[in-house]
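Trainee: Quick one: structure below, then a few questions.
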Amino acid sequence: MADVPGATPTGTSCRPLASPSTEGECRTGWALPCVVKPTPQGLFPQHEAPPAGPYLAVALERSIDGRTLTYAAPEGLAQPAGQWVGRACLAPLGRGGKGSGQGGQPTRGVIVAVGGAEMLEGFDPARVRRLLAVGEARLPRSVLELGRWISEYYACPLGMTLAAMLPAAVKKGVGRKQHVALQPTGKDPSEKLPPTTKKARDALAGIDPGDWPMDERELVGRLGLKNAGPIRRLLALGLLETVTRTDVVARSEDATPLAIDSAPPPEPTAAQRAIIEGVPLEGFSTHLLFGVTGSGKTEVYLRLLERVLLTGRSGIVLVPEIALTPQLSARFIARFLPVLGERGVAVLHSGLSAGQRHRAWDAVSRGLARVVVGPRSALFAPLQHVGLIIVDEEHAGDYKQDQAPRYHGRDAAIKRAQIEGCPVLLGSATPSLESWHNAQLGRSMLWKLPERAPGSAGLPMVEVVDLALERKAARQQGRRMELLGPTLESALRRTLEEGGQAVLLLNRRGFARVAACPDAMCGWTLTCDSCSAAMVFHRKGVLGRKGLVRCHHCLAEKLLPKQCPACGKGVILLGRGTQRLEDELAGAMGLNESAIARMDADTMHRAADYQRVLGRVADGTIRVLLGTQMIAKGLDFPNIRLVGVVDADTALGIADWRCQERTFQLVSQVAGRAGRGEMPGRVIVQTLSPDLPSIRAAAAHDYERFAADELEVRRRAHLPPFTRAAWIVSRDRFYDKAEARALEIAGQLARAYGDKARVEGPAPAPLERAHDEYRVGIEVYAASASILREGLRTLRERHGLVSDASVAIDVDPVSIW
């Protein structure tokens, strides 16, 4: 569709051009040159002649749904037709604002189609504006197709979806440098060469064509020369030529992965070999690998990737969060370094610096990297010839994006595998009930690793202790119990005395969850001014008394008041978090602070933070590792002999039908960190609900029994995976407006679905207010994904319902909040 007259942007993600540029580097950081002719302010620029094409359909980073805008290519910038599609670009939008200078506000977007005059649909070519710039960053067609699917299925505008697929560092060209390099011309010498120069010229033929062009210094080293004299003579004779090469450099090299044992890979067990040889590498297929913790799932991944690489294809490995990346990437790099070289495995995640992230992305786009490892966004890496996609810990809720586009990384991985025509392998010791249900129905192939790999002590013994009885026992011993009951504290002391290490899980951040008045008649609690949530006290330093209160939703902070503003009594702190547990270990148990490490969102900010802590766990410096759910998955250290679940009930107080599944997964996963070496492991689970089926099943390492029971509960309640769900939230600074919009949407949904779906609400969301906006929610349950999608598509086409500033649409939600 041609450019729409009167379209006006609501904001911009790129600073406006200061003045018209000439051919050269774009002033907004875009890598390719652009030509922009000076034009008067107004809706349309004045060209000397109407643009003759090619014409480019652009999806802009705005909530403009259901359409693309058509622009002409920048004047003087020629590309083959196939090279336009997928490129990031900068386009003028609207009538122009203050300082725009180009008849429109510079707005980022992605080119999604290219064509001739037919794309104008009769629109006057003289009124078509040119793009301001076209960047080098480019999404391959398979990723563009995936973006279109995500946009449609998750009800998010295409431009916003594609914007999330391109890292900001790549769009901005962070670390991109141009320099002069050399490459052979292919000409024969016209005169006799001196011996050293002839030797250098003959040696050029031995260099892989893919290594050109290269720097003079690099070429001197490759040819084994003492100086650059022979190279410069070849250049003067026309046997070498200079070219401009663009590289991406980072201020510091990627952090070195954790050191691992360089011993040869273990021989696969019979169960592992059956999977390695049984997964077909031709065509699309879905596979679920259900293997107990420590059963060798990673070795299966490595062996399957070896098979894929031998066919000349590439692979993607997804992990749920950054915490799992260092150990896993270290194993992949160690295995494939001899085959693929130092840049053959690209690690992509948000913990890297902007330059490091762009450098890794560039290695993938240039074909230097053939294996990509990272969290959900690594799925959008511009990898060509994908032959296998692996989703490790596929059950993890971290795969679900919490802002638009609200896609699920696991499901998007299955879709990309379908687009690429390759298998996808989902791995977990506690599969999501959706994946397990699909395997039971035959929609995916089920593989099992029921036993731990040789060399470990087997699955650990799990002991469930009643917190009520533990507190009673503590009182009988004449002490007040804080977080560690007598059973767990005694086991921890014994483990440390015997030279072992321990992991303690408490899935609550901060020091105290609530600041409140001690007078129950008063009832005052400190809540966030912008959210309907209690503010959490975060202490400064171990065993310190100073700190502040923070909202975990909007991140607002303030000092802790000393007195209740309602009655004047002193404020008390209630509830417990990882900081209080850290205090108890350093204080009551007398552990040295250097022997304790805390891993949660307050301490882990960059990749280096994870690697530093995990490296100290590996070398034994850290004796006790405590933290939230990020320590529950993937960590593999043979000397961890004790795991303590300080409070197994943290997920049970949430009004969410997935709480039983989350509790089972959390307890089972963290229990799997123990006993991975030769010494047996022990797990102690503290709970106020010792007879809860999810906790009992986790203690017995019995996933299949839990899955069967929980699926029956879901079936009777008509909940996923027997239905498909959507959670729609109307947001506004005024409750009446949020409610009115929600009532309007609920009515539209009811008319669109009829009796094909169940529409519940609207009602205030569990978190009624966040970021100064009231939230009113609607739940939709349909018998199938196609029915759910069809109803949402109807509202999208008729009423423009998409995720935007006032409405959030979450298809297949992992939580209702």
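Just so we're on the same page: first chain in the structure tokens is A, next is B, and so on; residues restart at 1 for each chain, and ligands are numbered from 1 in the order they show up.
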Set the distance at 12 Å and use only C-alpha atoms: which residues neighbour A:Lys737 once local chain neighbours fewer than 3 positions away are removed? I'd like the list as an NGL selection string.
Mentor: :A and (730-734 or 740-744 or 773-776 or 806-807)
Trainee: Applying 12 Å and only C-alpha atoms, which residues near A:Asp362 remain after dropping the ones on its own chain fewer than 5 positions away? List them as a ChimeraX atom specification.
Mentor: /A:136-139,166-167,169-171,173-176,246-250,343-344,346-348,355-357,367-370,372,381-383
Trainee: Might you pull out every residue within 10 Å of stretch 521-534 of chain A, with only C-alpha atoms counted and same-chain residues fewer than 6 positions away left off, and present them as a ChimeraX atom specification?
Mentor: /A:513-515,549-558,560-561,564-567,569,571-573,766-774
Trainee: Generate a file of the selected residues that holds C-alpha atoms, formatted as a PDB file, in the first residue's frame.
Mentor:
```pdb
ATOM      1  CA  ARG A 513       8.429  -8.852  51.644  1.00  0.00           C
ATOM      2  CA  VAL A 514       6.270  -6.410  53.642  1.00  0.00           C
ATOM      3  CA  ALA A 515       6.793  -3.270  55.739  1.00  0.00           C
ATOM      4  CA  VAL A 549      12.047  -0.340  49.787  1.00  0.00           C
ATOM      5  CA  ARG A 550      11.488  -1.154  46.131  1.00  0.00           C
ATOM      6  CA  CYS A 551       8.508  -2.059  43.970  1.00  0.00           C
ATOM      7  CA  HIS A 552       9.274  -5.160  41.927  1.00  0.00           C
ATOM      8  CA  HIS A 553       6.882  -4.033  39.186  1.00  0.00           C
ATOM      9  CA  CYS A 554       7.687  -0.399  38.405  1.00  0.00           C
ATOM     10  CA  LEU A 555      11.054  -0.400  40.260  1.00  0.00           C
ATOM     11  CA  ALA A 556      10.169   2.718  42.257  1.00  0.00           C
ATOM     12  CA  GLU A 557      12.309   3.167  45.378  1.00  0.00           C
ATOM     13  CA  LYS A 558      12.031   5.107  48.612  1.00  0.00           C
ATOM     14  CA  LEU A 560      11.831   2.890  54.714  1.00  0.00           C
ATOM     15  CA  PRO A 561       9.679   4.999  57.029  1.00  0.00           C
ATOM     16  CA  CYS A 564       3.451   4.095  60.701  1.00  0.00           C
ATOM     17  CA  PRO A 565       1.911   7.193  59.061  1.00  0.00           C
ATOM     18  CA  ALA A 566      -1.536   6.191  60.367  1.00  0.00           C
ATOM     19  CA  CYS A 567      -0.889   5.582  64.075  1.00  0.00           C
ATOM     20  CA  LYS A 569       3.941   3.040  65.853  1.00  0.00           C
ATOM     21  CA  VAL A 571       7.311  -0.078  61.324  1.00  0.00           C
ATOM     22  CA  ILE A 572       8.147  -3.791  61.344  1.00  0.00           C
ATOM     23  CA  LEU A 573       9.454  -5.987  58.504  1.00  0.00           C
ATOM     24  CA  PRO A 766      -4.854  -9.832  40.174  1.00  0.00           C
ATOM     25  CA  LEU A 767      -2.406  -6.908  40.016  1.00  0.00           C
ATOM     26  CA  GLU A 768      -5.100  -4.261  39.720  1.00  0.00           C
ATOM     27  CA  ARG A 769      -2.764  -1.295  39.203  1.00  0.00           C
ATOM     28  CA  ALA A 770       0.730  -1.136  37.713  1.00  0.00           C
ATOM     29  CA  HIS A 771       2.845   1.739  36.405  1.00  0.00           C
ATOM     30  CA  ASP A 772       0.099   4.247  37.337  1.00  0.00           C
ATOM     31  CA  GLU A 773      -2.472   2.379  35.232  1.00  0.00           C
ATOM     32  CA  TYR A 774      -5.512   0.397  36.330  1.00  0.00           C
TER      33      TYR A 774
END
```
Trainee: Once DSSP has gone over the backbone, tell me which residues of stretch 535-648 of chain A are in alpha helix (DSSP H), as a ChimeraX atom specification.
Mentor: /A:578-586,607-618
Trainee: Using only C-alpha atoms, determine which residues lie at most 12 Å from A:Gln440, disregarding the query and same-chain residues fewer than 2 positions distant; provide the list as a PyMOL selection string.
Mentor: chain A and resi 287-288+433-438+442-447+704+707-708+711+721
Trainee: Can you tell me which residues surround A:Ala674 at a distance of at most 7 Å, considering only C-alpha atoms, apart from same-chain residues fewer than 2 positions away, and format the answer as a list in words?
Mentor: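 Here the qualifying residues turn out to be Pro460, Ile640, Arg641, Leu642, Val643, Ala671, Gly672, Arg676, Gly681 and Arg682 of chain A.
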Trainee: Those same residues - N, CA and C atoms - I'd like them written as a PDB file, in the first residue's frame.
Mentor:
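Result file part.pdb:
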```pdb
ATOM      1  N   PRO A 460      19.057 -38.154  43.919  1.00  0.00           N
ATOM      2  CA  PRO A 460      19.229 -37.939  45.358  1.00  0.00           C
ATOM      3  C   PRO A 460      18.004 -38.348  46.162  1.00  0.00           C
ATOM      4  N   ILE A 640      28.245 -30.712  44.694  1.00  0.00           N
ATOM      5  CA  ILE A 640      27.030 -30.279  45.395  1.00  0.00           C
ATOM      6  C   ILE A 640      26.334 -31.518  45.948  1.00  0.00           C
ATOM      7  N   ARG A 641      26.371 -31.639  47.259  1.00  0.00           N
ATOM      8  CA  ARG A 641      25.834 -32.835  47.922  1.00  0.00           C
ATOM      9  C   ARG A 641      24.522 -32.575  48.641  1.00  0.00           C
ATOM     10  N   LEU A 642      24.224 -31.299  48.876  1.00  0.00           N
ATOM     11  CA  LEU A 642      22.985 -30.975  49.590  1.00  0.00           C
ATOM     12  C   LEU A 642      22.249 -29.870  48.840  1.00  0.00           C
ATOM     13  N   VAL A 643      20.940 -30.062  48.689  1.00  0.00           N
ATOM     14  CA  VAL A 643      20.058 -29.017  48.175  1.00  0.00           C
ATOM     15  C   VAL A 643      18.960 -28.801  49.204  1.00  0.00           C
ATOM     16  N   ALA A 671      16.169 -30.070  43.045  1.00  0.00           N
ATOM     17  CA  ALA A 671      16.628 -31.327  43.635  1.00  0.00           C
ATOM     18  C   ALA A 671      17.641 -32.010  42.726  1.00  0.00           C
ATOM     19  N   GLY A 672      17.495 -31.811  41.427  1.00  0.00           N
ATOM     20  CA  GLY A 672      18.398 -32.435  40.465  1.00  0.00           C
ATOM     21  C   GLY A 672      19.805 -31.875  40.471  1.00  0.00           C
ATOM     22  N   ARG A 676      25.439 -35.190  41.635  1.00  0.00           N
ATOM     23  CA  ARG A 676      25.876 -35.384  40.249  1.00  0.00           C
ATOM     24  C   ARG A 676      27.292 -35.932  40.160  1.00  0.00           C
ATOM     25  N   GLY A 681      23.702 -37.520  46.863  1.00  0.00           N
ATOM     26  CA  GLY A 681      23.111 -36.226  47.178  1.00  0.00           C
ATOM     27  C   GLY A 681      21.927 -36.377  48.121  1.00  0.00           C
ATOM     28  N   ARG A 682      21.622 -35.285  48.802  1.00  0.00           N
ATOM     29  CA  ARG A 682      20.486 -35.246  49.712  1.00  0.00           C
ATOM     30  C   ARG A 682      19.723 -33.952  49.470  1.00  0.00           C
TER      31      ARG A 682
END
```
Trainee: Using DSSP secondary structure from the backbone, list all strand (DSSP E or B) positions within stretch 402-562 of chain A, as number ranges by chain.
Mentor: A: 408, 423-428, 445-449, 461-466, 501-505, 512, 514-516, 525, 527, 534, 536-539, 547-550, 557-558
Trainee: How many Å lie between atom CA of A:Ser285 and atom CA of A:Arg303, rounded to one decimal?
Mentor: 17.9 Å
Trainee: Tell me which of A:Ala88, A:Asp755, A:Ala429, A:Met119 sits closest to A:Leu56, counting only C-alpha atoms.
Mentor: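 Using only C-alpha atoms, A:Leu56 sits closest to A:Met119.
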Trainee: Which residues of stretch 292-311 of chain A come within 9 Å of stretch 388-411 of chain A, and what is each one's closest atom pair and distance in Å (one decimal), counting only C-alpha atoms, sorted by chain and residue number, as a Markdown table?
Mentor:
```
| residue | atom | partner | partner_atom | distance |
| --- | --- | --- | --- | --- |
| A:Lys297 | CA | A:Asp392 | CA | 8.7 |
| A:Thr298 | CA | A:Asp392 | CA | 8.5 |
| A:Tyr301 | CA | A:Ile390 | CA | 7.3 |
| A:Leu304 | CA | A:Leu388 | CA | 8.3 |
| A:Leu305 | CA | A:Leu388 | CA | 7.2 |
| A:Val308 | CA | A:Leu388 | CA | 7.0 |
```
Trainee: Skip A:Leu626 itself and residues of its chain fewer than 5 positions away, then list as a VMD selection string all residues within 6 Å of it, counting only C-alpha atoms.
Mentor: chain A and resid 503 to 505 598
Trainee: Calculated over only C-alpha atoms, which of the candidates A:Met630, A:Pro157, A:Ile596, A:Val300 has the smallest distance to A:Arg616?
Mentor: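 Using only C-alpha atoms, A:Arg616 sits closest to A:Ile596.
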